[in-house]
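Chemist: Next up, model_7.txt (compact mmCIF, C-alpha atoms).
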# COMPACT_ATOMS: atom_id res chain seq x y z
CA MET A 1 11.26 27.73 -14.22
CA PRO A 2 8.16 28.67 -12.23
CA GLU A 3 5.71 31.09 -13.79
CA GLN A 4 5.79 34.65 -12.43
CA ALA A 5 2.41 34.35 -10.69
CA GLU A 6 3.41 31.11 -9.00
CA TYR A 7 6.83 32.44 -8.05
CA ASP A 8 5.35 35.51 -6.38
CA ASP A 9 2.57 33.65 -4.55
CA SER A 10 4.94 31.86 -2.20
CA VAL A 11 6.32 31.89 1.31
CA ILE A 12 9.26 30.27 3.08
CA VAL A 13 8.11 27.54 5.49
CA ALA A 14 10.76 25.64 7.46
CA GLY A 15 13.36 26.84 4.97
CA VAL A 16 11.45 25.66 1.86
CA LYS A 17 9.75 27.92 -0.68
CA VAL A 18 6.15 26.73 -0.92
CA THR A 19 3.02 27.85 -2.69
CA ARG A 20 0.41 29.74 -0.70
CA LYS A 21 -2.38 28.33 -2.86
CA SER A 22 -5.35 26.58 -1.30
CA ARG A 23 -6.43 23.11 -2.42
CA ALA A 24 -9.00 24.55 -4.81
CA GLU A 25 -6.53 27.08 -6.22
CA LEU A 26 -3.86 24.43 -6.67
CA THR A 27 -6.29 22.10 -8.41
CA ASP A 28 -7.35 24.85 -10.77
CA HIS A 29 -3.71 25.78 -11.42
CA VAL A 30 -2.78 22.23 -12.43
CA VAL A 31 -5.88 21.78 -14.58
CA GLN A 32 -5.50 25.11 -16.38
CA THR A 33 -1.77 24.71 -17.05
CA THR A 34 -2.43 21.21 -18.38
CA LEU A 35 -5.09 22.49 -20.77
CA ASP A 36 -2.83 25.33 -21.91
CA ALA A 37 -1.32 24.21 -25.21
CA THR A 38 1.84 26.30 -24.80
CA PRO A 39 4.83 23.92 -25.17
CA HIS A 40 6.94 23.47 -22.04
CA PRO A 41 8.77 20.69 -20.20
CA PRO A 42 6.64 18.81 -17.67
CA ARG A 43 6.17 20.71 -14.44
CA LEU A 44 6.97 19.11 -11.10
CA LEU A 45 4.62 19.22 -8.09
CA PHE A 46 6.18 18.10 -4.79
CA ASP A 47 4.97 18.42 -1.19
CA ILE A 48 6.46 18.98 2.25
CA ASN A 49 5.43 17.67 5.65
CA GLY A 50 7.34 17.01 8.87
CA HIS A 51 9.14 14.03 7.35
CA ALA A 52 10.20 16.13 4.35
CA VAL A 53 11.52 18.92 6.57
CA GLY A 54 13.55 16.40 8.52
CA LEU A 55 14.94 14.94 5.31
CA CYS A 56 15.93 18.42 4.15
CA ARG A 57 18.20 18.76 7.17
CA SER A 58 19.90 15.37 6.64
CA ASP A 59 19.82 14.78 2.88
CA ARG A 60 21.25 17.57 0.74
CA ARG A 61 20.23 15.87 -2.49
CA TYR A 62 16.62 15.79 -1.35
CA ALA A 63 16.73 19.44 -0.24
CA GLU A 64 18.06 20.39 -3.66
CA SER A 65 15.32 18.39 -5.38
CA LEU A 66 12.68 20.58 -3.73
CA LYS A 67 14.32 23.67 -5.16
CA ARG A 68 13.98 22.23 -8.66
CA ALA A 69 10.22 21.68 -8.38
CA ASP A 70 7.87 24.13 -10.06
CA VAL A 71 5.47 23.99 -7.12
CA VAL A 72 5.86 22.68 -3.57
CA HIS A 73 2.67 22.47 -1.52
CA VAL A 74 2.25 22.07 2.23
CA ASP A 75 0.85 18.72 3.38
CA SER A 76 1.10 19.45 7.11
CA GLU A 77 -1.25 21.42 9.34
CA PRO A 78 1.53 22.32 11.83
CA LEU A 79 3.52 23.89 8.97
CA VAL A 80 0.45 25.83 7.84
CA ILE A 81 -0.01 27.05 11.41
CA ALA A 82 3.64 28.12 11.52
CA SER A 83 3.14 30.18 8.38
CA ARG A 84 0.13 31.88 9.99
CA LEU A 85 1.97 32.68 13.19
CA LEU A 86 5.30 33.74 11.73
CA THR A 87 4.49 35.47 8.45
CA THR A 88 2.13 38.09 7.10
CA THR A 89 1.59 36.02 3.94
CA PRO A 90 0.58 32.58 5.23
CA VAL A 91 -0.29 29.48 3.27
CA ARG A 92 -4.04 29.58 2.54
CA GLY A 93 -4.71 26.13 3.94
CA ARG A 94 -3.25 22.65 3.99
CA SER A 95 -3.21 20.74 0.71
CA ALA A 96 -3.05 17.13 1.86
CA THR A 97 -1.91 14.93 -1.00
CA THR A 98 -4.59 12.38 -0.13
CA ASP A 99 -7.19 15.13 -0.67
CA LEU A 100 -5.56 16.48 -3.82
CA PHE A 101 -5.59 13.00 -5.32
CA TYR A 102 -9.39 13.16 -5.41
CA ASP A 103 -9.60 16.90 -6.14
CA PHE A 104 -7.39 16.41 -9.18
CA ALA A 105 -9.32 13.33 -10.31
CA GLU A 106 -12.54 15.34 -10.31
CA GLY A 107 -10.90 18.19 -12.23
CA PHE A 108 -9.22 15.82 -14.69
CA GLN A 109 -12.45 13.94 -15.31
CA ALA A 110 -14.33 17.17 -16.02
CA ASN A 111 -11.71 18.34 -18.52
CA GLY A 112 -10.66 15.15 -20.29
CA ILE A 113 -7.19 15.11 -18.73
CA SER A 114 -5.51 11.69 -18.65
CA CYS A 115 -3.24 10.31 -15.96
CA TYR A 116 -0.84 7.44 -15.28
CA PHE A 117 -0.17 5.82 -11.88
CA LEU A 118 3.37 4.70 -11.02
CA GLY A 119 4.01 3.08 -7.65
CA ALA A 120 2.95 0.54 -4.98
CA THR A 121 2.68 -3.21 -5.57
CA ASP A 122 0.83 -4.81 -8.48
CA ALA A 123 -2.06 -5.75 -6.20
CA VAL A 124 -2.36 -2.32 -4.61
CA ILE A 125 -2.12 -0.33 -7.84
CA GLU A 126 -4.75 -2.54 -9.47
CA GLU A 127 -7.06 -2.04 -6.49
CA CYS A 128 -6.42 1.70 -6.65
CA VAL A 129 -7.25 1.85 -10.37
CA ALA A 130 -10.44 -0.17 -9.87
CA ARG A 131 -11.55 2.10 -7.03
CA MET A 132 -10.82 5.30 -8.94
CA LYS A 133 -12.69 4.01 -12.00
CA PHE A 134 -15.67 3.30 -9.75
CA LEU A 135 -15.58 6.77 -8.16
CA TYR A 136 -14.74 8.63 -11.38
CA PRO A 137 -16.08 6.57 -14.30
CA ASP A 138 -15.10 9.18 -16.87
CA LEU A 139 -11.56 9.70 -15.55
CA VAL A 140 -9.04 8.66 -18.20
CA ILE A 141 -6.47 6.40 -16.53
CA ALA A 142 -4.08 5.92 -19.43
CA GLY A 143 -2.01 3.27 -17.68
CA TYR A 144 -0.32 2.11 -14.50
CA ARG A 145 2.51 -0.06 -13.20
CA ASN A 146 4.09 -1.01 -9.89
CA GLY A 147 6.88 0.95 -8.26
CA TYR A 148 9.42 -1.86 -8.02
CA PHE A 149 12.20 -1.21 -10.49
CA ASP A 150 15.84 -0.22 -10.54
CA GLU A 151 17.35 2.91 -12.05
CA ALA A 152 18.49 1.12 -15.18
CA ALA A 153 14.87 0.36 -16.10
CA LEU A 154 13.72 3.97 -15.89
CA PRO A 155 14.27 4.98 -19.56
CA ALA A 156 12.19 2.04 -20.76
CA ILE A 157 9.49 2.78 -18.19
CA VAL A 158 9.22 6.41 -19.30
CA ALA A 159 9.11 5.32 -22.94
CA ASP A 160 6.21 2.98 -22.11
CA ILE A 161 4.41 5.76 -20.23
CA ASN A 162 4.82 8.10 -23.20
CA THR A 163 3.06 5.62 -25.48
CA THR A 164 -0.08 6.09 -23.35
CA LYS A 165 -0.11 9.87 -24.05
CA ALA A 166 -0.82 10.55 -20.37
CA ASP A 167 -1.04 14.22 -19.42
CA ILE A 168 -0.31 13.70 -15.71
CA LEU A 169 2.09 11.22 -14.14
CA TRP A 170 1.42 10.36 -10.50
CA VAL A 171 4.55 8.99 -8.78
CA GLY A 172 3.99 7.23 -5.47
CA LEU A 173 7.33 5.82 -4.34
CA GLY A 174 7.81 7.53 -0.98
CA LYS A 175 10.29 10.25 -0.06
CA PRO A 176 12.99 10.82 -1.21
CA LYS A 177 12.89 8.25 -4.03
CA GLU A 178 9.82 9.71 -5.74
CA GLN A 179 11.45 13.14 -5.97
CA PHE A 180 14.66 11.71 -7.42
CA VAL A 181 12.77 9.56 -9.93
CA SER A 182 10.54 12.49 -10.94
CA LEU A 183 13.56 14.66 -11.66
CA ALA A 184 15.19 11.85 -13.63
CA MET A 185 12.06 11.47 -15.78
CA ARG A 186 11.51 15.17 -16.35
CA GLU A 187 13.61 15.41 -19.51
CA SER A 188 11.93 12.49 -21.27
CA PHE A 189 8.32 12.45 -20.03
CA GLU A 190 6.09 13.97 -22.70
CA GLY A 191 3.14 14.92 -20.51
CA ARG A 192 2.35 18.14 -18.64
CA TRP A 193 2.87 17.46 -14.92
CA ILE A 194 4.69 14.95 -12.72
CA VAL A 195 3.05 14.85 -9.27
CA THR A 196 4.48 12.96 -6.29
CA CYS A 197 1.93 11.32 -4.03
CA GLY A 198 3.63 9.10 -1.43
CA GLY A 199 1.23 6.43 -0.18
CA CYS A 200 -1.87 7.74 -1.96
CA PHE A 201 -2.30 4.58 -4.01
CA ASP A 202 -2.52 2.50 -0.81
CA PHE A 203 -4.99 5.00 0.62
CA ALA A 204 -7.17 5.00 -2.50
CA ALA A 205 -7.10 1.21 -2.50
CA GLY A 206 -8.54 1.28 1.04
CA HIS A 207 -5.47 -0.01 2.87
CA TYR A 208 -5.46 2.74 5.50
CA GLN A 209 -7.73 5.49 6.76
CA ARG A 210 -7.31 9.20 7.44
CA ALA A 211 -7.39 10.53 11.00
CA PRO A 212 -10.66 12.01 12.30
CA ILE A 213 -11.24 15.57 11.07
CA PHE A 214 -10.65 17.13 14.49
CA LEU A 215 -7.18 15.59 14.66
CA GLN A 216 -6.41 16.84 11.15
CA LYS A 217 -7.45 20.37 12.08
CA ILE A 218 -5.24 20.56 15.16
CA GLY A 219 -2.23 19.10 13.36
CA LEU A 220 -2.18 15.65 14.98
CA GLU A 221 -2.90 13.42 12.00
CA TRP A 222 0.66 12.12 12.30
CA LEU A 223 -0.18 10.78 15.79
CA HIS A 224 -3.14 8.85 14.43
CA ARG A 225 -0.96 7.34 11.72
CA MET A 226 1.74 6.40 14.21
CA VAL A 227 -0.76 4.64 16.49
CA LEU A 228 -2.03 2.61 13.54
CA ARG A 229 1.45 1.81 12.16
CA PRO A 230 3.89 2.03 15.07
CA ARG A 231 6.55 -0.27 13.62
CA GLN A 232 6.84 1.74 10.43
CA LEU A 233 6.34 5.25 11.80
CA PHE A 234 7.36 5.51 15.46
CA TRP A 235 11.06 5.97 14.79
CA ARG A 236 10.44 8.27 11.83
CA TYR A 237 8.32 10.67 13.86
CA LEU A 238 10.59 10.44 16.88
CA THR A 239 13.56 11.59 14.82
CA THR A 240 11.91 13.99 12.37
CA ASN A 241 9.28 15.83 14.42
CA PRO A 242 11.74 17.70 16.67
CA VAL A 243 13.80 18.70 13.61
CA ALA A 244 10.68 19.83 11.76
CA LEU A 245 9.52 21.87 14.75
CA TYR A 246 12.86 23.62 15.05
CA ALA A 247 13.02 24.34 11.32
CA ALA A 248 9.45 25.63 11.28
CA LEU A 249 10.20 28.08 14.10
CA ARG A 250 13.62 29.09 12.86
CA TYR A 251 13.24 29.18 9.07
CA THR A 252 9.66 30.29 8.34
CA ARG A 253 9.44 33.77 6.87
CA ARG A 254 7.87 35.84 4.15
CA THR A 255 9.60 35.60 0.78
CA GLU A 256 10.09 38.78 -1.22
CA ALA A 257 8.54 38.61 -4.67
CA SER A 258 11.02 38.91 -7.48
CA ALA A 259 11.24 37.85 -11.06
CA PRO A 260 12.34 34.27 -11.74
CA LYS A 261 15.52 33.60 -13.61
CA ALA A 262 15.30 33.30 -17.38
Is it possible to express this structure as structure tokens?
Modeler:
Amino acid sequence: MPEQAEYDDSVIVAGVKVTRKSRAELTDHVVQTTLDATPHPPRLLFDINGHAVGLCRSDRRYAESLKRADVVHVDSEPLVIASRLLTTTPVRGRSATTDLFYDFAEGFQANGISCYFLGATDAVIEECVARMKFLYPDLVIAGYRNGYFDEAALPAIVADINTTKADILWVGLGKPKEQFVSLAMRESFEGRWIVTCGGCFDFAAGHYQRAPIFLQKIGLEWLHRMVLRPRQLFWRYLTTNPVALYAALRYTRRTEASAPKA
């Protein structure tokens, strides 16, 4: 279950309990809890954006998976803005997963924390690893493999990952599969955190670019992505954005601090 400090430092955004932590605070939280030698099952770090909010309204299993995460961070400027407008305890800034990927790498490198990459194609994940080794030469990448496997192979995959002694497992399989796989691996992964990261491996490999900063700040990064990848994203945004907007307006509120269950 979430730690008391994490449980209290939260707010309801679009019906989902999320952390209020900034990028820097979240990075420090993951680094410090990884270094803490206290035994505990691996923690789960998930994110929400407009797509996730839409999925919550149509996929009960996915909505339940978010409730089982230790931390859910907001990867959507419009959802951050909603928290500012509709609560007195807003999220302290967007934590884009593509930014956290590098924030964490810097923190892991500085503290000798090892990680494993699971997802994408063989070519993409190899490009990603090569790029990250170039940017962070002292980052310990304990291992990696592609994200193409069926459920029956999962126990063997986790066993292989455990042999690497990785502290952090990055899972980039896309929503909702990466959340389901992360939950399935939680009982057997021997590291400290499982972090979902969507298409971060493709991004790190240089296969697509972020929107200009001004579009990110006004919450229109999704539009930039849709223009670049209309076949993949037009229908998604057409169907999920209205749902996400409604949920953000209807189900964003302050959450009362209370002790977590034992």
Chemist: My list of candidates is A:Ser188, A:Asn49, A:Ser114, A:Thr97. Which is closest to Thr164 (chain A) when distances are computed with only C-alpha atoms?
Modeler: A:Ser114
Chemist: Between A:Phe134, A:Tyr116, A:Phe180, A:Phe101, which residue has the minimum interatomic distance to Cys197 (chain A), considering all atoms listed in the file?
Modeler: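 For Cys197 (chain A), the nearest of the given residues is A:Phe101.
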Chemist: Would you list the contacts of region 22-29 of chain A as a list in words, taking every protein, DNA or RNA residue within 7 Å and counting all atoms listed in the file, but skipping same-chain residues closer than 2 positions in sequence?
Modeler: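 Neighbouring residues, sequence-local ones excluded: Arg20, Val31, Gln32, Thr33, Arg92, Gly93, Arg94, Ser95, Leu100, Asp103 and Phe104 of chain A.
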Chemist: For region 137-154 of chain A, find every residue with an atom within 10 Å (counting only C-alpha atoms), except residues of its own chain fewer than 5 positions away, and show them as a PyMOL selection string.
Modeler: chain A and resi 105-126+128-132+159-174+178+181+184-185
Chemist: Suppose you want the space between CA of Lys175 (chain A) and CA of Glu190 (chain A); what is it in Å?
Modeler: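 CA of Glu190 (chain A) lies at a distance of 23.3 Å from CA of Lys175 (chain A).
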Chemist: Here is a test: counting only C-alpha atoms, which residue of A:Arg57, A:Arg253, A:Lys133, A:Arg43 is nearest to Leu85 (chain A)?
Modeler: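 Ranking A:Arg57, A:Arg253, A:Lys133, A:Arg43 by distance to Leu85 (chain A), first place goes to A:Arg253.
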Chemist: Could you jot down the CA of Ala52 (chain A) to CA of Ser65 (chain A) separation for me, Å, one decimal place?
Modeler: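 Atom-to-atom, CA of Ala52 (chain A) and CA of Ser65 (chain A) are spaced 11.2 Å apart.
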Chemist: Expressed in Å to a single decimal, how great is the separation between CA of Arg61 (chain A) and CA of Phe46 (chain A)?
Modeler: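 These atoms are spaced 14.4 Å apart.
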Chemist: With all atoms listed in the file as the atoms that count, which of A:Ala205, A:Leu183, A:Val91, A:Val74 lies nearest to Pro42 (chain A)?
Modeler: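 Of A:Ala205, A:Leu183, A:Val91, A:Val74, the one nearest Pro42 (chain A), counting all atoms listed in the file, is A:Leu183.
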Chemist: Identify, on the basis of only C-alpha atoms, every residue whose closest approach to Lys17 (chain A) does not exceed 10 Å; exclude the query and any residue fewer than 4 positions from it along the same chain; express the result as an mmCIF file with C-alpha atoms, in the frame of the given file.
Modeler:
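Wrote it out as result.cif, contents follow:
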data_model
loop_
_atom_site.group_PDB
_atom_site.id
_atom_site.type_symbol
_atom_site.label_atom_id
_atom_site.label_comp_id
_atom_site.auth_asym_id
_atom_site.auth_seq_id
_atom_site.Cartn_x
_atom_site.Cartn_y
_atom_site.Cartn_z
ATOM 1 C CA TYR A 7 6.830 32.440 -8.050
ATOM 2 C CA ASP A 9 2.570 33.650 -4.550
ATOM 3 C CA SER A 10 4.940 31.860 -2.200
ATOM 4 C CA VAL A 11 6.320 31.890 1.310
ATOM 5 C CA ILE A 12 9.260 30.270 3.080
ATOM 6 C CA VAL A 13 8.110 27.540 5.490
ATOM 7 C CA ILE A 48 6.460 18.980 2.250
ATOM 8 C CA LEU A 66 12.680 20.580 -3.730
ATOM 9 C CA LYS A 67 14.320 23.670 -5.160
ATOM 10 C CA ALA A 69 10.220 21.680 -8.380
ATOM 11 C CA VAL A 71 5.470 23.990 -7.120
ATOM 12 C CA VAL A 72 5.860 22.680 -3.570
ATOM 13 C CA HIS A 73 2.670 22.470 -1.520
ATOM 14 C CA VAL A 74 2.250 22.070 2.230
ATOM 15 C CA THR A 252 9.660 30.290 8.340
ATOM 16 C CA ARG A 253 9.440 33.770 6.870
ATOM 17 C CA ARG A 254 7.870 35.840 4.150
ATOM 18 C CA THR A 255 9.600 35.600 0.780
#
Chemist: Some atoms are absent from region 83-103 of chain A, so rebuild N, CA, C and O atoms and return them as a PDB file, in the coordinates of the input.
Modeler:
ATOM      1  N   SER A  83       3.166  29.078   9.340  1.00  0.00           N
ATOM      2  CA  SER A  83       3.140  30.180   8.380  1.00  0.00           C
ATOM      3  C   SER A  83       2.171  31.281   8.827  1.00  0.00           C
ATOM      4  O   SER A  83       2.400  32.462   8.577  1.00  0.00           O
ATOM      5  N   ARG A  84       1.098  30.897   9.499  1.00  0.00           N
ATOM      6  CA  ARG A  84       0.130  31.880   9.990  1.00  0.00           C
ATOM      7  C   ARG A  84       0.687  32.686  11.155  1.00  0.00           C
ATOM      8  O   ARG A  84       0.425  33.884  11.283  1.00  0.00           O
ATOM      9  N   LEU A  85       1.440  32.015  12.001  1.00  0.00           N
ATOM     10  CA  LEU A  85       1.970  32.680  13.190  1.00  0.00           C
ATOM     11  C   LEU A  85       3.197  33.531  12.912  1.00  0.00           C
ATOM     12  O   LEU A  85       3.410  34.547  13.575  1.00  0.00           O
ATOM     13  N   LEU A  86       3.984  33.133  11.917  1.00  0.00           N
ATOM     14  CA  LEU A  86       5.300  33.740  11.730  1.00  0.00           C
ATOM     15  C   LEU A  86       5.444  34.585  10.482  1.00  0.00           C
ATOM     16  O   LEU A  86       6.496  35.173  10.269  1.00  0.00           O
ATOM     17  N   THR A  87       4.406  34.653   9.654  1.00  0.00           N
ATOM     18  CA  THR A  87       4.490  35.470   8.450  1.00  0.00           C
ATOM     19  C   THR A  87       3.222  36.300   8.290  1.00  0.00           C
ATOM     20  O   THR A  87       2.187  36.005   8.897  1.00  0.00           O
ATOM     21  N   THR A  88       3.313  37.309   7.447  1.00  0.00           N
ATOM     22  CA  THR A  88       2.130  38.090   7.100  1.00  0.00           C
ATOM     23  C   THR A  88       1.498  37.605   5.803  1.00  0.00           C
ATOM     24  O   THR A  88       0.480  38.141   5.371  1.00  0.00           O
ATOM     25  N   THR A  89       2.106  36.596   5.190  1.00  0.00           N
ATOM     26  CA  THR A  89       1.590  36.020   3.940  1.00  0.00           C
ATOM     27  C   THR A  89       1.505  34.501   4.088  1.00  0.00           C
ATOM     28  O   THR A  89       2.247  33.761   3.443  1.00  0.00           O
ATOM     29  N   PRO A  90       0.614  34.010   4.929  1.00  0.00           N
ATOM     30  CA  PRO A  90       0.580  32.580   5.230  1.00  0.00           C
ATOM     31  C   PRO A  90       0.034  31.732   4.087  1.00  0.00           C
ATOM     32  O   PRO A  90      -0.627  32.231   3.164  1.00  0.00           O
ATOM     33  N   VAL A  91       0.310  30.449   4.165  1.00  0.00           N
ATOM     34  CA  VAL A  91      -0.290  29.480   3.270  1.00  0.00           C
ATOM     35  C   VAL A  91      -1.806  29.496   3.498  1.00  0.00           C
ATOM     36  O   VAL A  91      -2.262  29.562   4.642  1.00  0.00           O
ATOM     37  N   ARG A  92      -2.591  29.441   2.413  1.00  0.00           N
ATOM     38  CA  ARG A  92      -4.040  29.580   2.540  1.00  0.00           C
ATOM     39  C   ARG A  92      -4.748  28.257   2.814  1.00  0.00           C
ATOM     40  O   ARG A  92      -5.879  28.034   2.377  1.00  0.00           O
ATOM     41  N   GLY A  93      -4.106  27.400   3.559  1.00  0.00           N
ATOM     42  CA  GLY A  93      -4.710  26.130   3.940  1.00  0.00           C
ATOM     43  C   GLY A  93      -3.861  24.948   3.530  1.00  0.00           C
ATOM     44  O   GLY A  93      -3.118  24.986   2.552  1.00  0.00           O
ATOM     45  N   ARG A  94      -3.988  23.867   4.287  1.00  0.00           N
ATOM     46  CA  ARG A  94      -3.250  22.650   3.990  1.00  0.00           C
ATOM     47  C   ARG A  94      -3.778  21.991   2.716  1.00  0.00           C
ATOM     48  O   ARG A  94      -4.983  21.919   2.495  1.00  0.00           O
ATOM     49  N   SER A  95      -2.856  21.517   1.899  1.00  0.00           N
ATOM     50  CA  SER A  95      -3.210  20.740   0.710  1.00  0.00           C
ATOM     51  C   SER A  95      -2.687  19.323   0.914  1.00  0.00           C
ATOM     52  O   SER A  95      -1.590  18.979   0.467  1.00  0.00           O
ATOM     53  N   ALA A  96      -3.454  18.514   1.625  1.00  0.00           N
ATOM     54  CA  ALA A  96      -3.050  17.130   1.860  1.00  0.00           C
ATOM     55  C   ALA A  96      -3.052  16.379   0.526  1.00  0.00           C
ATOM     56  O   ALA A  96      -4.013  16.472  -0.242  1.00  0.00           O
ATOM     57  N   THR A  97      -2.005  15.645   0.266  1.00  0.00           N
ATOM     58  CA  THR A  97      -1.910  14.930  -1.000  1.00  0.00           C
ATOM     59  C   THR A  97      -3.048  13.938  -1.162  1.00  0.00           C
ATOM     60  O   THR A  97      -3.565  13.739  -2.268  1.00  0.00           O
ATOM     61  N   THR A  98      -3.482  13.327  -0.058  1.00  0.00           N
ATOM     62  CA  THR A  98      -4.590  12.380  -0.130  1.00  0.00           C
ATOM     63  C   THR A  98      -5.898  13.073  -0.517  1.00  0.00           C
ATOM     64  O   THR A  98      -6.794  12.438  -1.085  1.00  0.00           O
ATOM     65  N   ASP A  99      -6.027  14.364  -0.213  1.00  0.00           N
ATOM     66  CA  ASP A  99      -7.190  15.130  -0.670  1.00  0.00           C
ATOM     67  C   ASP A  99      -7.024  15.563  -2.119  1.00  0.00           C
ATOM     68  O   ASP A  99      -7.958  15.490  -2.923  1.00  0.00           O
ATOM     69  N   LEU A 100      -5.818  16.029  -2.455  1.00  0.00           N
ATOM     70  CA  LEU A 100      -5.560  16.480  -3.820  1.00  0.00           C
ATOM     71  C   LEU A 100      -5.743  15.359  -4.833  1.00  0.00           C
ATOM     72  O   LEU A 100      -6.150  15.600  -5.969  1.00  0.00           O
ATOM     73  N   PHE A 101      -5.452  14.139  -4.430  1.00  0.00           N
ATOM     74  CA  PHE A 101      -5.590  13.000  -5.320  1.00  0.00           C
ATOM     75  C   PHE A 101      -7.021  12.929  -5.874  1.00  0.00           C
ATOM     76  O   PHE A 101      -7.236  12.687  -7.067  1.00  0.00           O
ATOM     77  N   TYR A 102      -7.989  13.172  -5.001  1.00  0.00           N
ATOM     78  CA  TYR A 102      -9.390  13.160  -5.410  1.00  0.00           C
ATOM     79  C   TYR A 102      -9.816  14.479  -6.051  1.00  0.00           C
ATOM     80  O   TYR A 102     -10.607  14.490  -6.999  1.00  0.00           O
ATOM     81  N   ASP A 103      -9.307  15.593  -5.521  1.00  0.00           N
ATOM     82  CA  ASP A 103      -9.600  16.900  -6.140  1.00  0.00           C
ATOM     83  C   ASP A 103      -9.150  16.904  -7.597  1.00  0.00           C
ATOM     84  O   ASP A 103      -9.885  17.344  -8.497  1.00  0.00           O
TER      85      ASP A 103
END
